[in-house]
Amino acid sequence: MLFNLKLKNIFFILLGSAIMGFGVVHFNMQNQLAEGGFTGITLLIYNLTGLSPAISNILLNLPLFFIGYRLLGKRTFIYTIIGTVGLSIFIAVFEKYQFHIPLKDDLMLAALFAGVFIGVGLGIIFRYGGTTGGVDIIARLVFKYKGYSMGKTMFVFDFCVITLSLATYLSYKEAMYTLVLVFIGSRVIDFIQEGAYAARGAFIISESNQEIASKINNEMERGVTLLKGYGSFSKLEKDVIYCVVGKNEIVRLKNLITSVDPHAFVSVSVVHDVLGEGFTLDENKKPLDE
């Protein structure tokens, strides 16, 4: 395809735009909750002038399209156009054909739903290489060049926009609930970005490394890697076992290690994304989802 675009990515970017658009219309706009970033600015304009966020979203993002093209490359630029225009289209559609969800008396529930819908929508868009323009572009650039998570970067921008909204049309109560939805949204974005699988990685140091490695291979059918380690105190070289298992397998792994060496040193950490045999590929190196 042109610029190596993938239909799968385009589909999920549009799906994320639809989910986010639904959340903005049915939970933010219906309950007069603000947002952060450019979406928050479009809501601010909407509450002050009545101009639809579908229109102001496009107008505000036009200057940033050039930045996205020059710094993010042609493919990401096209995905950004798709995400931004898609969001505006879905906002316009849901504004015209919206469901009335009576949550005005329960702003906490409205904030929770708004945070989840916007977080899921943006998380899907980011995961498949797109943005919805505005602060999304800035957050993506910060992630690309500085390594800071997109969710945290956006939370900083969101706070500034919410402060401006508070100074213009938000009440203190609505502002507090908006902060709740923005925080939830940022965490959901990070969760989807980092991967929902959340496997466990284990470093194992033992005098019985070979036996432990053999049992992991044979009984759990998981691969292991032997790394060379050097004890700072003992001044001795030792092999260190590293393996990755599913989160539902970690108890079994610990029991296996203890059965061989009750005194083994084990360090377990969360692994957010896993690629390769046993996780995304089968034993024939073919994708598991095919």
# chains A, B, ... in the order shown; residues from 1 in each chain; ligands from 1
call {"tool": "residues_around", "arguments": {"residues": "stretch 9-15 of chain A", "least_positions_apart": "4", "cutoff": "6 Å", "atoms": "only C-alpha atoms", "output": "list in words"}}
result
Gly83, Gly86, Ile125 and Tyr128 of chain A
call {"tool": "residues_around", "arguments": {"residues": "stretch 171-178 of chain A", "least_positions_apart": "5", "cutoff": "10 Å", "atoms": "only C-alpha atoms", "output": "VMD selection string"}}
result
chain A and resid 28 31 to 36 107 to 112 114 to 115 158 to 159 162 to 163 165 to 166 183 to 184
call {"tool": "select_by_dssp", "arguments": {"residues": "stretch 2-135 of chain A", "states": "helix (DSSP H, G or I)", "output": "PyMOL selection string"}}
result
chain A and resi 2-4+7-29+37-49+53-72+74-96+107-127+135
call {"tool": "atom_distance", "arguments": {"atom1": "atom CA of A:Val244", "atom2": "atom CA of A:Leu122"}}
result
28.8 Å
call {"tool": "select_by_dssp", "arguments": {"residues": "stretch 108-262 of chain A", "states": "strand (DSSP E or B)", "output": "list in words"}}
result
Ala199, Arg200, Gly201, Ala202, Phe203, Ile204, Ile205, Thr225, Leu226, Leu227, Lys228, Gly229, Tyr230, Glu237, Lys238, Asp239, Val240, Ile241, Tyr242, Cys243, Val244 and Val245 of chain A
call {"tool": "write_last_selection", "arguments": {"atoms": "N, CA, C and O atoms", "output": "mmCIF file, in the first residue's frame"}}
result
data_model
loop_
_atom_site.group_PDB
_atom_site.id
_atom_site.type_symbol
_atom_site.label_atom_id
_atom_site.label_comp_id
_atom_site.auth_asym_id
_atom_site.auth_seq_id
_atom_site.Cartn_x
_atom_site.Cartn_y
_atom_site.Cartn_z
ATOM 1 N N ALA A 199 3.331 -10.404 31.122
ATOM 2 C CA ALA A 199 3.994 -11.641 31.540
ATOM 3 C C ALA A 199 4.929 -11.333 32.705
ATOM 4 O O ALA A 199 4.981 -10.203 33.203
ATOM 5 N N ARG A 200 5.665 -12.331 33.163
ATOM 6 C CA ARG A 200 6.620 -12.149 34.260
ATOM 7 C C ARG A 200 7.994 -12.626 33.815
ATOM 8 O O ARG A 200 8.138 -13.692 33.218
ATOM 9 N N GLY A 201 8.997 -11.801 34.079
ATOM 10 C CA GLY A 201 10.378 -12.165 33.798
ATOM 11 C C GLY A 201 11.076 -12.503 35.109
ATOM 12 O O GLY A 201 10.892 -11.806 36.112
ATOM 13 N N ALA A 202 11.860 -13.581 35.128
ATOM 14 C CA ALA A 202 12.509 -14.021 36.372
ATOM 15 C C ALA A 202 14.015 -14.187 36.168
ATOM 16 O O ALA A 202 14.457 -14.835 35.211
ATOM 17 N N PHE A 203 14.784 -13.587 37.084
ATOM 18 C CA PHE A 203 16.220 -13.828 37.174
ATOM 19 C C PHE A 203 16.434 -14.802 38.333
ATOM 20 O O PHE A 203 15.936 -14.583 39.441
ATOM 21 N N ILE A 204 17.183 -15.869 38.085
ATOM 22 C CA ILE A 204 17.367 -16.922 39.088
ATOM 23 C C ILE A 204 18.859 -17.187 39.267
ATOM 24 O O ILE A 204 19.567 -17.441 38.289
ATOM 25 N N ILE A 205 19.315 -17.121 40.510
ATOM 26 C CA ILE A 205 20.713 -17.423 40.828
ATOM 27 C C ILE A 205 20.723 -18.580 41.822
ATOM 28 O O ILE A 205 20.124 -18.495 42.896
ATOM 29 N N THR A 225 17.530 -18.625 29.309
ATOM 30 C CA THR A 225 18.812 -18.096 28.840
ATOM 31 C C THR A 225 19.765 -18.037 30.020
ATOM 32 O O THR A 225 19.387 -17.554 31.101
ATOM 33 N N LEU A 226 20.977 -18.518 29.834
ATOM 34 C CA LEU A 226 21.997 -18.462 30.879
ATOM 35 C C LEU A 226 22.888 -17.263 30.614
ATOM 36 O O LEU A 226 23.524 -17.153 29.559
ATOM 37 N N LEU A 227 22.904 -16.360 31.582
ATOM 38 C CA LEU A 227 23.724 -15.158 31.490
ATOM 39 C C LEU A 227 24.930 -15.297 32.426
ATOM 40 O O LEU A 227 24.834 -15.938 33.472
ATOM 41 N N LYS A 228 26.029 -14.695 32.070
ATOM 42 C CA LYS A 228 27.208 -14.726 32.917
ATOM 43 C C LYS A 228 27.130 -13.602 33.955
ATOM 44 O O LYS A 228 26.945 -12.440 33.618
ATOM 45 N N GLY A 229 27.246 -13.977 35.224
ATOM 46 C CA GLY A 229 27.210 -12.986 36.299
ATOM 47 C C GLY A 229 28.476 -13.044 37.133
ATOM 48 O O GLY A 229 29.217 -14.039 37.125
ATOM 49 N N TYR A 230 28.733 -11.960 37.880
ATOM 50 C CA TYR A 230 29.932 -11.889 38.732
ATOM 51 C C TYR A 230 29.534 -11.303 40.071
ATOM 52 O O TYR A 230 28.984 -10.189 40.141
ATOM 53 N N GLU A 237 32.355 -16.053 39.628
ATOM 54 C CA GLU A 237 31.497 -16.021 38.459
ATOM 55 C C GLU A 237 30.388 -17.061 38.609
ATOM 56 O O GLU A 237 30.642 -18.179 39.057
ATOM 57 N N LYS A 238 29.161 -16.656 38.235
ATOM 58 C CA LYS A 238 28.029 -17.567 38.327
ATOM 59 C C LYS A 238 27.123 -17.381 37.113
ATOM 60 O O LYS A 238 27.022 -16.280 36.560
ATOM 61 N N ASP A 239 26.479 -18.474 36.728
ATOM 62 C CA ASP A 239 25.457 -18.372 35.694
ATOM 63 C C ASP A 239 24.169 -17.835 36.303
ATOM 64 O O ASP A 239 23.802 -18.187 37.424
ATOM 65 N N VAL A 240 23.482 -16.969 35.553
ATOM 66 C CA VAL A 240 22.200 -16.417 35.982
ATOM 67 C C VAL A 240 21.154 -16.863 34.966
ATOM 68 O O VAL A 240 21.322 -16.659 33.760
ATOM 69 N N ILE A 241 20.097 -17.491 35.447
ATOM 70 C CA ILE A 241 19.015 -17.931 34.561
ATOM 71 C C ILE A 241 18.031 -16.780 34.361
ATOM 72 O O ILE A 241 17.638 -16.108 35.317
ATOM 73 N N TYR A 242 17.651 -16.566 33.114
ATOM 74 C CA TYR A 242 16.577 -15.607 32.832
ATOM 75 C C TYR A 242 15.514 -16.324 32.007
ATOM 76 O O TYR A 242 15.833 -17.000 31.015
ATOM 77 N N CYS A 243 14.265 -16.193 32.423
ATOM 78 C CA CYS A 243 13.164 -16.785 31.656
ATOM 79 C C CYS A 243 11.929 -15.906 31.781
ATOM 80 O O CYS A 243 11.785 -15.134 32.732
ATOM 81 N N VAL A 244 11.057 -16.016 30.799
ATOM 82 C CA VAL A 244 9.793 -15.278 30.787
ATOM 83 C C VAL A 244 8.657 -16.287 30.757
ATOM 84 O O VAL A 244 8.653 -17.214 29.939
ATOM 85 N N VAL A 245 7.703 -16.126 31.667
ATOM 86 C CA VAL A 245 6.549 -17.024 31.734
ATOM 87 C C VAL A 245 5.276 -16.194 31.814
ATOM 88 O O VAL A 245 5.319 -14.992 32.107
#
call {"tool": "closest_atom_pairs", "arguments": {"of": "stretch 105-153 of chain A", "to": "stretch 58-61 of chain A", "cutoff": "9 Å", "atoms": "only C-alpha atoms", "output": "JSON lines"}}
result
{"residue": "A:Thr132", "atom": "CA", "partner": "A:Asn61", "partner_atom": "CA", "distance": 8.8}
{"residue": "A:Gly133", "atom": "CA", "partner": "A:Asn61", "partner_atom": "CA", "distance": 6.0}
{"residue": "A:Gly134", "atom": "CA", "partner": "A:Asn61", "partner_atom": "CA", "distance": 5.8}
call {"tool": "write_last_selection", "arguments": {"atoms": "N, CA, C and O atoms", "output": "PDB file, in the first residue's frame"}}
result
ATOM      1  N   THR A 132      -4.321  11.619  17.245  1.00  0.00           N
ATOM      2  CA  THR A 132      -5.475  12.439  16.870  1.00  0.00           C
ATOM      3  C   THR A 132      -5.063  13.903  16.770  1.00  0.00           C
ATOM      4  O   THR A 132      -5.874  14.798  16.927  1.00  0.00           O
ATOM      5  N   GLY A 133      -3.773  14.110  16.516  1.00  0.00           N
ATOM      6  CA  GLY A 133      -3.271  15.466  16.354  1.00  0.00           C
ATOM      7  C   GLY A 133      -3.060  16.161  17.689  1.00  0.00           C
ATOM      8  O   GLY A 133      -3.129  15.569  18.762  1.00  0.00           O
ATOM      9  N   GLY A 134      -2.789  17.471  17.624  1.00  0.00           N
ATOM     10  CA  GLY A 134      -2.644  18.283  18.829  1.00  0.00           C
ATOM     11  C   GLY A 134      -1.600  17.770  19.791  1.00  0.00           C
ATOM     12  O   GLY A 134      -0.458  17.460  19.419  1.00  0.00           O
TER      13      GLY A 134
END
call {"tool": "residues_around", "arguments": {"residues": "A:Ile212", "least_positions_apart": "4", "cutoff": "8 Å", "atoms": "only C-alpha atoms", "output": "MDAnalysis selection string"}}
result
chainID A and resid 208 216 256:257 260
call {"tool": "residues_around", "arguments": {"residues": "A:Arg187", "least_positions_apart": "2", "cutoff": "12 Å", "atoms": "only C-alpha atoms", "output": "number ranges by chain"}}
result
A: 112, 115-120, 122-123, 149-155, 180-185, 189-194
call {"tool": "closest_residue", "arguments": {"among": "A:Val270, A:Val188, A:Ile138, A:Ala18", "to": "A:Phe113", "atoms": "only C-alpha atoms"}}
result
A:Val188
call {"tool": "closest_residue", "arguments": {"among": "A:Asn209, A:Ser234, A:Ser52, A:Gly40", "to": "A:His263", "atoms": "only C-alpha atoms"}}
result
A:Asn209
call {"tool": "closest_residue", "arguments": {"among": "A:Leu5, A:Leu179, A:Val24, A:Ala213", "to": "A:Val161", "atoms": "only C-alpha atoms"}}
result
A:Leu179
